[in-house]
Structures are given as structure tokens and as C-alpha cells.
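The structure file input01.txt is reproduced below (compact mmCIF, C-alpha atoms).
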```txt
# COMPACT_ATOMS: atom_id res chain seq x y z
CA MET D 1 -2.58 24.10 -10.64
CA SER D 2 -5.14 26.33 -8.99
CA ARG D 3 -6.93 24.42 -6.25
CA ALA D 4 -10.29 25.22 -7.87
CA GLU D 5 -9.17 24.36 -11.41
CA ASN D 6 -10.39 21.19 -13.09
CA MET D 7 -8.02 19.26 -15.40
CA ASN D 8 -8.77 17.33 -18.54
CA GLU D 9 -7.96 13.63 -18.76
CA GLN D 10 -4.55 13.99 -20.44
CA THR D 11 -3.34 16.73 -18.08
CA MET D 12 -4.38 14.69 -15.05
CA LYS D 13 -2.65 11.61 -16.44
CA GLN D 14 0.61 13.54 -16.92
CA GLN D 15 0.38 15.05 -13.45
CA ALA D 16 -0.25 11.62 -11.94
CA ILE D 17 2.71 10.08 -13.79
CA GLU D 18 5.01 12.82 -12.50
CA LEU D 19 3.69 12.16 -9.00
CA LEU D 20 4.13 8.39 -9.26
CA GLU D 21 7.64 8.72 -10.66
CA GLY D 22 8.70 11.04 -7.84
CA ARG D 23 9.36 14.00 -10.14
CA MET D 24 7.25 16.42 -8.10
CA SER D 25 8.54 18.47 -5.22
CA HIS D 26 6.92 18.07 -1.83
CA GLN D 27 5.11 21.40 -2.31
CA GLN D 28 3.86 20.39 -5.75
CA MET D 29 2.51 17.11 -4.39
CA THR D 30 0.82 18.95 -1.53
CA ASP D 31 -0.79 21.47 -3.86
CA LEU D 32 -2.04 18.80 -6.26
CA LEU D 33 -3.45 16.42 -3.69
CA SER D 34 -4.90 19.15 -1.50
CA GLY D 35 -6.60 20.71 -4.50
CA LEU D 36 -8.16 17.40 -5.56
CA HIS D 37 -9.28 16.63 -2.01
CA GLU D 38 -10.87 20.03 -1.52
CA LYS D 39 -12.80 20.31 -4.78
CA GLY D 40 -13.45 16.60 -5.47
CA GLU D 41 -12.25 14.75 -8.56
CA THR D 42 -14.08 15.11 -11.88
CA ALA D 43 -14.81 12.14 -14.14
CA ASP D 44 -11.99 13.17 -16.52
CA GLU D 45 -9.53 13.45 -13.63
CA LEU D 46 -10.46 10.01 -12.33
CA VAL D 47 -9.96 8.48 -15.78
CA GLY D 48 -6.59 10.23 -16.13
CA MET D 49 -5.42 8.95 -12.74
CA VAL D 50 -6.52 5.39 -13.51
CA ARG D 51 -4.67 5.38 -16.84
CA ALA D 52 -1.52 6.65 -15.16
CA MET D 53 -1.79 3.96 -12.48
CA ARG D 54 -2.25 1.26 -15.11
CA GLU D 55 1.06 2.29 -16.65
CA LYS D 56 3.08 2.80 -13.47
CA GLU D 57 1.60 0.71 -10.65
CA ALA D 58 0.93 -2.88 -9.63
CA LYS D 59 -2.72 -3.85 -9.93
CA VAL D 60 -4.55 -6.46 -7.86
CA THR D 61 -8.05 -7.58 -8.77
CA TRP D 62 -9.53 -9.51 -5.84
CA GLY D 63 -13.01 -10.55 -6.91
CA ASP D 64 -14.67 -7.19 -7.49
CA THR D 65 -12.14 -5.38 -5.29
CA VAL D 66 -9.56 -3.44 -7.32
CA VAL D 67 -6.38 -1.96 -5.87
CA TYR D 68 -3.32 -0.23 -7.32
CA ALA D 69 0.00 0.25 -5.55
CA GLY D 70 3.05 2.19 -6.65
CA VAL D 71 6.50 2.92 -5.22
CA LYS D 72 8.20 6.32 -5.21
CA PHE D 73 11.74 7.18 -4.15
CA GLU D 74 13.24 10.33 -2.73
CA LEU D 75 16.65 11.33 -1.41
CA ARG D 76 16.55 12.43 2.19
CA THR D 77 18.67 12.93 5.29
CA PRO D 78 18.63 9.83 7.55
CA TRP D 79 17.21 9.90 11.04
CA PRO D 80 19.89 10.90 13.60
CA ASP D 81 19.63 7.58 15.45
CA ARG D 82 19.82 5.56 12.19
CA PRO D 83 22.49 7.32 10.11
CA THR D 84 23.08 4.37 7.76
CA GLN D 85 19.47 3.38 7.16
CA GLY D 86 16.92 4.51 4.62
CA SER D 87 13.22 4.82 5.36
CA LEU D 88 9.96 3.13 4.39
CA MET D 89 6.49 4.64 4.43
CA CYS D 90 3.13 3.29 3.31
CA GLY D 91 -0.03 5.31 2.74
CA ALA D 92 -3.48 4.35 1.49
CA GLU D 93 -6.21 6.34 -0.24
CA LEU D 94 -9.89 5.50 0.25
CA ARG D 95 -11.85 7.87 -1.95
CA PRO D 96 -15.58 7.92 -2.86
CA VAL D 97 -14.77 6.12 -6.12
CA ALA D 98 -13.98 3.03 -4.02
CA GLY D 99 -17.41 2.91 -2.41
CA ARG D 100 -20.29 5.07 -1.21
CA LYS D 101 -19.23 4.70 2.42
CA TYR D 102 -16.08 6.77 1.78
CA GLU D 103 -16.03 10.56 1.69
CA PRO D 104 -13.73 13.18 0.13
CA GLY D 105 -11.43 15.17 2.36
CA PRO D 106 -8.42 14.43 4.56
CA PRO D 107 -7.32 10.83 5.23
CA SER D 108 -10.03 8.96 7.12
CA PRO D 109 -9.41 6.68 10.13
CA GLU D 110 -10.09 3.73 7.81
CA SER D 111 -7.43 4.78 5.29
CA ILE D 112 -4.92 5.46 8.08
CA GLU D 113 -5.53 2.03 9.60
CA LEU D 114 -5.23 0.36 6.20
CA GLY D 115 -1.89 2.02 5.48
CA ARG D 116 -0.52 1.21 8.92
CA VAL D 117 -1.50 -2.48 8.80
CA VAL D 118 0.13 -2.96 5.40
CA ASP D 119 3.18 -0.92 6.47
CA ARG D 120 3.67 -2.95 9.63
CA GLY D 121 3.56 -6.30 7.84
CA ILE D 122 6.18 -5.23 5.30
CA ARG D 123 8.38 -3.35 7.76
CA GLU D 124 8.48 -6.11 10.40
CA SER D 125 9.27 -8.77 7.79
CA GLY D 126 12.61 -7.11 7.08
CA CYS D 127 12.15 -7.74 3.35
CA ILE D 128 13.68 -4.31 2.69
CA ASP D 129 17.24 -4.02 3.96
CA MET D 130 17.31 -0.45 5.23
CA GLU D 131 21.12 -0.45 5.23
CA SER D 132 21.09 -1.06 1.46
CA LEU D 133 19.24 2.25 1.03
CA CYS D 134 22.18 4.25 2.40
CA ILE D 135 24.15 6.37 -0.08
CA VAL D 136 26.28 8.56 2.20
CA PRO D 137 26.14 7.64 5.93
CA GLY D 138 24.62 10.42 7.98
CA GLU D 139 23.93 12.54 4.91
CA LYS D 140 21.95 10.86 2.15
CA VAL D 141 19.67 7.83 1.99
CA TRP D 142 16.75 6.62 -0.08
CA GLY D 143 13.24 7.09 1.21
CA VAL D 144 10.85 4.45 -0.15
CA MET D 145 7.17 5.38 -0.27
CA ILE D 146 4.38 2.93 -1.09
CA ASP D 147 1.19 4.58 -2.32
CA ILE D 148 -1.96 2.46 -2.32
CA HIS D 149 -5.15 3.45 -4.15
CA VAL D 150 -8.37 1.49 -3.71
CA LEU D 151 -10.57 1.88 -6.78
CA SER D 152 -13.27 -0.57 -5.72
CA ASP D 153 -13.95 -1.96 -2.23
CA GLN D 154 -16.08 -5.06 -2.47
CA GLY D 155 -14.49 -6.74 0.53
CA ASN D 156 -11.08 -7.69 1.98
CA ILE D 157 -9.17 -4.62 0.85
CA PHE D 158 -6.48 -5.35 3.48
CA ASP D 159 -5.23 -8.52 1.77
CA ALA D 160 -5.58 -6.96 -1.68
CA CYS D 161 -3.56 -3.90 -0.59
CA GLY D 162 -0.90 -6.03 1.08
CA LEU D 163 -0.53 -8.08 -2.10
CA ALA D 164 -0.37 -4.99 -4.32
CA ALA D 165 2.25 -3.38 -2.06
CA ILE D 166 4.67 -6.31 -2.12
CA ALA D 167 4.15 -6.78 -5.87
CA ALA D 168 4.97 -3.11 -6.42
CA LEU D 169 8.12 -3.39 -4.30
CA ARG D 170 9.30 -6.48 -6.19
CA THR D 171 9.05 -4.65 -9.51
CA ALA D 172 10.29 -1.23 -8.33
CA VAL D 173 13.33 0.38 -9.95
CA VAL D 174 15.48 2.78 -7.92
CA PRO D 175 15.88 5.92 -10.12
CA ALA D 176 19.51 6.55 -9.22
CA GLU D 177 20.38 8.10 -12.60
CA ARG D 178 17.72 10.79 -12.29
CA PHE D 179 19.18 11.82 -8.93
CA ASP D 180 22.79 11.52 -10.19
CA VAL D 181 23.81 8.94 -7.57
CA GLY D 182 24.66 5.97 -9.79
CA GLU D 183 22.86 3.66 -12.18
CA ASP D 184 19.22 2.65 -12.03
CA HIS D 185 18.70 -0.75 -10.40
CA ARG D 186 15.95 -2.98 -9.10
CA LEU D 187 15.04 -2.50 -5.45
CA GLN D 188 16.46 -5.33 -3.39
CA VAL D 189 13.57 -7.24 -1.80
CA ASN D 190 14.45 -10.16 0.47
CA GLY D 191 11.29 -12.13 0.98
CA THR D 192 7.59 -11.91 0.26
CA PRO D 193 5.43 -11.16 3.32
CA ILE D 194 1.78 -12.02 2.70
CA MET D 195 -1.27 -10.94 4.70
CA ALA D 196 -4.30 -13.09 5.51
CA SER D 197 -7.37 -11.42 7.03
CA PHE D 198 -10.24 -13.01 8.91
CA THR D 199 -13.59 -11.56 10.00
CA ARG D 200 -15.87 -13.08 12.62
CA VAL D 201 -19.30 -13.57 11.08
CA GLY D 202 -22.06 -15.49 12.87
CA GLY D 203 -19.71 -16.91 15.47
CA ARG D 204 -17.08 -18.15 12.99
CA PHE D 205 -14.02 -16.52 11.47
CA VAL D 206 -14.29 -16.10 7.70
CA LEU D 207 -11.23 -15.85 5.45
CA ASP D 208 -11.47 -13.32 2.63
CA ALA D 209 -14.78 -11.82 3.77
CA SER D 210 -17.08 -10.12 1.26
CA GLU D 211 -18.34 -6.57 1.75
CA GLU D 212 -21.63 -7.90 3.16
CA GLU D 213 -19.83 -10.21 5.57
CA GLU D 214 -17.61 -7.35 6.73
CA LEU D 215 -20.66 -5.18 7.40
CA GLY D 216 -22.09 -7.91 9.62
CA GLY D 217 -18.78 -8.79 11.24
CA ASP D 218 -17.84 -7.83 14.77
CA GLU D 219 -14.15 -8.75 14.88
CA ARG D 220 -11.23 -8.69 12.45
CA ILE D 221 -7.73 -10.20 12.49
CA HIS D 222 -4.85 -9.55 10.08
CA ILE D 223 -1.85 -11.90 10.07
CA THR D 224 1.27 -11.29 7.96
CA LEU D 225 3.49 -14.33 7.42
CA GLY D 226 6.98 -14.54 5.95
CA ASP D 227 8.47 -17.06 3.54
CA GLU D 228 9.24 -19.51 6.34
CA GLY D 229 5.77 -19.22 7.84
CA HIS D 230 6.89 -16.96 10.69
CA VAL D 231 4.50 -14.32 12.03
CA HIS D 232 5.73 -10.82 11.19
CA SER D 233 2.67 -8.91 12.33
CA LEU D 234 -0.66 -9.57 13.98
CA GLN D 235 -3.26 -6.83 14.04
CA LYS D 236 -6.70 -7.07 15.62
CA GLY D 237 -9.54 -4.77 14.65
CA LEU D 238 -13.01 -4.02 15.97
CA LYS D 239 -14.33 -5.49 19.23
CA GLY D 240 -14.35 -8.99 20.70
CA VAL D 241 -11.77 -11.62 21.60
CA PHE D 242 -10.67 -14.95 20.19
CA THR D 243 -9.71 -18.14 22.04
CA PRO D 244 -6.39 -20.02 21.72
CA ALA D 245 -8.21 -22.77 19.80
CA GLU D 246 -9.67 -20.23 17.36
CA PHE D 247 -6.28 -18.63 16.81
CA ALA D 248 -4.67 -22.03 16.17
CA GLU D 249 -7.27 -22.75 13.50
CA ILE D 250 -6.87 -19.29 11.98
CA PHE D 251 -3.09 -19.65 11.91
CA ASP D 252 -3.24 -23.02 10.11
CA VAL D 253 -5.55 -21.60 7.43
CA ALA D 254 -3.42 -18.47 7.11
CA GLN D 255 -0.28 -20.50 6.48
CA GLN D 256 -1.91 -22.42 3.65
CA ARG D 257 -3.41 -19.30 2.13
CA CYS D 258 -0.17 -17.30 2.29
CA VAL D 259 1.77 -20.04 0.51
CA GLU D 260 -0.74 -19.96 -2.35
CA LEU D 261 -0.60 -16.18 -2.66
CA ARG D 262 3.19 -16.08 -2.38
CA ASN D 263 3.45 -18.48 -5.31
CA LEU D 264 1.30 -16.10 -7.37
CA VAL D 265 3.43 -13.08 -6.46
CA SER D 266 6.64 -14.96 -7.34
CA LYS D 267 5.44 -15.06 -10.95
CA VAL D 268 5.33 -11.26 -11.19
```
When written as C-alpha cells, how does the structure in this file appear?
Amino acid sequence: MSRAENMNEQTMKQQAIELLEGRMSHQQMTDLLSGLHEKGETADELVGMVRAMREKEAKVTWGDTVVYAGVKFELRTPWPDRPTQGSLMCGAELRPVAGRKYEPGPPSPESIELGRVVDRGIRESGCIDMESLCIVPGEKVWGVMIDIHVLSDQGNIFDACGLAAIAALRTAVVPAERFDVGEDHRLQVNGTPIMASFTRVGGRFVLDASEEEELGGDERIHITLGDEGHVHSLQKGLKGVFTPAEFAEIFDVAQQRCVELRNLVSKV
């Protein structure tokens, strides 16, 4: 595709499906995404991408916030210091379609932070056994890539993205047959890490803040809890501090909330 060339809806849908299924080379992915970023997506291209995501990705509707997450696989050489382990990466896209505050172009600091917070919660939980991703020690392992797309940001995209990511992992199929390394099989996921985010608004921490509450907030905390209620990650955003008493209250609420959400994900 020429970087200045617009695509119709069906062409964009097919391109997006190939991307989501991992059938594009690294150069093809770079050309496609760079071209879209540089010229801006047309209405037909956006519709095509959404239809592809509906077919291939996990969708989370959180109030008026809408998020899709998909999982791609690639064969790669393991890191020298981890010859028997695969890899996990998580990236997030925040495009203008998600809200007027986002701009086209390279990944923004907000999208980078979003991807890293979700990545850390999943990675630190150990729900993906990296050893199980090894095919030939020192030579060939699976690389697992979680792609998150925010279609509408009306508040608390962190929890919505975390939920979409783990749902996508739980339903992901390793395409071993396509790569001629065995039979297709479900990705082994041991556990369901869930994120709970709080924003300080008017002197109190609010769970599941709306877009308006986030705009008026001056502190943010993201807690990812595992199946046994253990803390896998704790990320603080914006300015300010919280007291031990505030954290104790936040932690109690987070535990209750994560149990509720984990029960929902278990039905997927």
C-alpha cells in the first residue's frame, strides 16, 4: 500500500485481519501502520478496522468506553539470557476516534503508559508460563503480542484495557500449524489478573472514574490483583501522595471489585 493511498472498507478489513492474525511481515506491518498514522484514517478505513476487530478481538464495553484487544503470535529467537523462554509484549493505540484529546501520529505518552501498565500487571502475575512458549531452546520460541485499541474513551480506559487483554489471552489460539511447528492449541493461561483503578477527586479516591472525574483528578492509582488476592503490580500516576489508611481502604475495595470482574471473565 502506498502511504498516501486510501483504502475502501473491504480492503482495510482484509488488511486488518491479516495484521491481527500475524500473517504480515514486520515490514508490511510497519508500512501499513506508518501509512495510516501519517495520512490519517478515512471513515471507510475506520469501519473496516472495526469490523475486523469485531471478528478477531475481545471487546469490552465499560459504560460508554469501548476497547478491543487481540493477540498475535510470531516465531522468534529467544533472548540470550533466557534461552528457554518466550516473550510477551503489550501495546495500546489511542487514536482521535477514541476522543478529541488524542491526536494522530506516533504513539503518545498516554498510549505508552497505558500499554506499560497493562503489560506490567499481566507479566508480573505470571499467568503466562514463558517456558511453555519454548519450541527449540536457544533457537525458536513464541512471541506473544497483545494489541489494544481504544475506540471510545469515556473514562477508566486502564481497567477496560486490562480486562480486554486478559480476555483476549484466555481465548487466544497458538497458530502452530501455520508455522509448521505442531498443531494449533489454546494458549495456556494460568490465572486471571484484574486491574482496579482509582482517581483522587475532591479529596477522595474514586473507583471507576468517569471522563469528567478524571479531568478534575489530581492523582491516580492502578492495582492489579491475582486470583488469590495478591498484589502483582501497583502503579501510581499524576502528582500527590496517599496515606497508609487511604491505601488500606483502596486495597479492600480493589479486592472486592477484582473478584466481581474475575467472575465475569471466567465466563468468556
Query raised in the report: Could you pull the residues within 9 Å of region 203-207 of chain D, counting only C-alpha atoms, minus those fewer than 4 positions along the same chain, as a ChimeraX atom specification?
Result: /D:156,196-199,213,219-221,246,250,253-254
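With all atoms listed in the file as the basis for measurement, D:Asp119 is the residue among D:Glu110, D:Asp119, D:Asp252, D:Glu139 that approaches Ser233 (chain D) most closely.
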Dump as CSV the rows for residues of region 164-215 of chain D within 9 Å of region 57-81 of chain D: closest atom pair and distance in Å with one decimal, all atoms listed in the file counted, ordered by chain and rising residue number.
```
residue,atom,partner,partner_atom,distance
D:Ala164,CA,D:Ala69,CA,5.4
D:Ala165,CA,D:Ala69,CA,5.5
D:Ile166,CA,D:Ala69,CA,8.8
D:Ala167,CA,D:Ala58,CA,6.3
D:Ala168,CA,D:Ala58,CA,5.2
D:Leu169,CA,D:Val71,CA,6.6
D:Thr171,CA,D:Ala58,CA,8.3
D:Ala172,CA,D:Val71,CA,6.4
D:Val173,CA,D:Val71,CA,8.7
D:Val174,CA,D:Phe73,CA,6.9
D:Pro175,CA,D:Phe73,CA,7.4
D:Phe179,CA,D:Leu75,CA,7.9
```
C-alpha atoms of the current selection, written as a PDB file, in the frame of the given file:
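As a result, part-v5.pdb now contains:
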```pdb
ATOM      1  CA  ALA D 164      -0.370  -4.990  -4.320  1.00  0.00           C
ATOM      2  CA  ALA D 165       2.250  -3.380  -2.060  1.00  0.00           C
ATOM      3  CA  ILE D 166       4.670  -6.310  -2.120  1.00  0.00           C
ATOM      4  CA  ALA D 167       4.150  -6.780  -5.870  1.00  0.00           C
ATOM      5  CA  ALA D 168       4.970  -3.110  -6.420  1.00  0.00           C
ATOM      6  CA  LEU D 169       8.120  -3.390  -4.300  1.00  0.00           C
ATOM      7  CA  THR D 171       9.050  -4.650  -9.510  1.00  0.00           C
ATOM      8  CA  ALA D 172      10.290  -1.230  -8.330  1.00  0.00           C
ATOM      9  CA  VAL D 173      13.330   0.380  -9.950  1.00  0.00           C
ATOM     10  CA  VAL D 174      15.480   2.780  -7.920  1.00  0.00           C
ATOM     11  CA  PRO D 175      15.880   5.920 -10.120  1.00  0.00           C
ATOM     12  CA  PHE D 179      19.180  11.820  -8.930  1.00  0.00           C
TER      13      PHE D 179
END
```
Query raised in the report: At what distance in Å, to one decimal, does CA of Cys90 (chain D) lie from CA of Gly115 (chain D)?
Result: 5.6 Å
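Between Ile223 (chain D) and the candidates D:Ser125, D:Ser210, D:Thr243, D:Ser132, the tightest atom-to-atom separation, counting all atoms listed in the file, involves D:Ser125.
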Query - Best match for closeness to Val241 (chain D) among D:Arg95, D:Arg200, D:Arg178, D:Arg120, counting all atoms listed in the file - result: D:Arg200
**Report entry** Sphere at (20.5, 6.0, 1.7), radius 9 Å, counting all atoms listed in the file: residues as an NGL selection string
**Finding:** :D and (75-78 or 83-87 or 130-143)
Preceding selection exported with C-alpha atoms as a tab-separated table (two decimals), in the frame of the given file:
```tsv
chain	number	residue	atom	x	y	z
D	75	LEU	CA	16.65	11.33	-1.41
D	76	ARG	CA	16.55	12.43	2.19
D	77	THR	CA	18.67	12.93	5.29
D	78	PRO	CA	18.63	9.83	7.55
D	83	PRO	CA	22.49	7.32	10.11
D	84	THR	CA	23.08	4.37	7.76
D	85	GLN	CA	19.47	3.38	7.16
D	86	GLY	CA	16.92	4.51	4.62
D	87	SER	CA	13.22	4.82	5.36
D	130	MET	CA	17.31	-0.45	5.23
D	131	GLU	CA	21.12	-0.45	5.23
D	132	SER	CA	21.09	-1.06	1.46
D	133	LEU	CA	19.24	2.25	1.03
D	134	CYS	CA	22.18	4.25	2.40
D	135	ILE	CA	24.15	6.37	-0.08
D	136	VAL	CA	26.28	8.56	2.20
D	137	PRO	CA	26.14	7.64	5.93
D	138	GLY	CA	24.62	10.42	7.98
D	139	GLU	CA	23.93	12.54	4.91
D	140	LYS	CA	21.95	10.86	2.15
D	141	VAL	CA	19.67	7.83	1.99
D	142	TRP	CA	16.75	6.62	-0.08
D	143	GLY	CA	13.24	7.09	1.21
```
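Put simply, CA of Cys161 (chain D) is 25.6 Å away from CA of Glu9 (chain D).
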**Report entry** Long-range neighbours of Ile122 (chain D) as a ChimeraX atom specification, 10 Å cut-off, only C-alpha atoms, 3 positions minimum in chain
**Finding:** /D:88-90,116-119,125-128,162,165-166,169,191-195,224-226,232-233
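The spacing separating CA of Asp153 (chain D) from CA of Arg257 (chain D) amounts to 20.8 Å.
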For region 124-153 of chain D, supply N, CA and C atoms and report the output as a compact mmCIF listing (two decimals), in the coordinates of the input.
```
# COMPACT_ATOMS: atom_id res chain seq x y z
N GLU D 124 8.04 -5.11 9.42
CA GLU D 124 8.48 -6.11 10.40
C GLU D 124 9.05 -7.36 9.75
N SER D 125 8.73 -7.59 8.48
CA SER D 125 9.27 -8.77 7.79
C SER D 125 10.75 -8.61 7.48
N GLY D 126 11.21 -7.35 7.42
CA GLY D 126 12.61 -7.11 7.08
C GLY D 126 12.93 -7.39 5.62
N CYS D 127 11.90 -7.42 4.76
CA CYS D 127 12.15 -7.74 3.35
C CYS D 127 12.91 -6.62 2.64
N ILE D 128 12.87 -5.41 3.21
CA ILE D 128 13.68 -4.31 2.69
C ILE D 128 14.83 -4.06 3.65
N ASP D 129 16.05 -4.26 3.14
CA ASP D 129 17.24 -4.02 3.96
C ASP D 129 17.49 -2.51 4.00
N MET D 130 17.18 -1.90 5.12
CA MET D 130 17.31 -0.45 5.23
C MET D 130 18.75 0.02 5.05
N GLU D 131 19.71 -0.82 5.41
CA GLU D 131 21.12 -0.45 5.23
C GLU D 131 21.47 -0.32 3.75
N SER D 132 20.80 -1.11 2.89
CA SER D 132 21.09 -1.06 1.46
C SER D 132 20.60 0.22 0.82
N LEU D 133 19.78 0.99 1.55
CA LEU D 133 19.24 2.25 1.03
C LEU D 133 20.15 3.44 1.36
N CYS D 134 21.25 3.17 2.02
CA CYS D 134 22.18 4.25 2.40
C CYS D 134 23.09 4.60 1.22
N ILE D 135 23.25 5.90 0.97
CA ILE D 135 24.15 6.37 -0.08
C ILE D 135 25.39 7.00 0.55
N VAL D 136 25.18 7.96 1.44
CA VAL D 136 26.28 8.56 2.20
C VAL D 136 25.87 8.53 3.67
N PRO D 137 26.54 7.75 4.52
CA PRO D 137 26.14 7.64 5.93
C PRO D 137 26.01 9.00 6.60
N GLY D 138 24.87 9.18 7.26
CA GLY D 138 24.62 10.42 7.98
C GLY D 138 24.20 11.58 7.12
N GLU D 139 24.23 11.41 5.80
CA GLU D 139 23.93 12.54 4.91
C GLU D 139 22.83 12.26 3.90
N LYS D 140 22.86 11.09 3.27
CA LYS D 140 21.95 10.86 2.15
C LYS D 140 21.53 9.40 2.09
N VAL D 141 20.22 9.19 2.11
CA VAL D 141 19.67 7.83 1.99
C VAL D 141 18.44 7.89 1.10
N TRP D 142 18.00 6.72 0.68
CA TRP D 142 16.75 6.62 -0.08
C TRP D 142 15.56 6.53 0.87
N GLY D 143 14.52 7.26 0.55
CA GLY D 143 13.24 7.09 1.21
C GLY D 143 12.32 6.37 0.24
N VAL D 144 11.74 5.26 0.69
CA VAL D 144 10.85 4.45 -0.15
C VAL D 144 9.42 4.69 0.32
N MET D 145 8.56 5.07 -0.61
CA MET D 145 7.17 5.38 -0.27
C MET D 145 6.22 4.52 -1.10
N ILE D 146 5.38 3.76 -0.42
CA ILE D 146 4.38 2.93 -1.09
C ILE D 146 3.05 3.67 -1.05
N ASP D 147 2.49 3.91 -2.21
CA ASP D 147 1.19 4.58 -2.32
C ASP D 147 0.16 3.57 -2.79
N ILE D 148 -0.91 3.42 -2.00
CA ILE D 148 -1.96 2.46 -2.32
C ILE D 148 -3.25 3.20 -2.63
N HIS D 149 -3.89 2.82 -3.73
CA HIS D 149 -5.15 3.45 -4.15
C HIS D 149 -6.19 2.36 -4.34
N VAL D 150 -7.28 2.45 -3.59
CA VAL D 150 -8.37 1.49 -3.71
C VAL D 150 -9.40 2.07 -4.67
N LEU D 151 -9.61 1.40 -5.80
CA LEU D 151 -10.57 1.88 -6.78
C LEU D 151 -11.95 1.26 -6.57
N SER D 152 -11.99 0.08 -5.98
CA SER D 152 -13.27 -0.57 -5.72
C SER D 152 -13.14 -1.44 -4.47
N ASP D 153 -13.95 -1.17 -3.46
CA ASP D 153 -13.95 -1.96 -2.23
C ASP D 153 -15.20 -2.83 -2.20
```
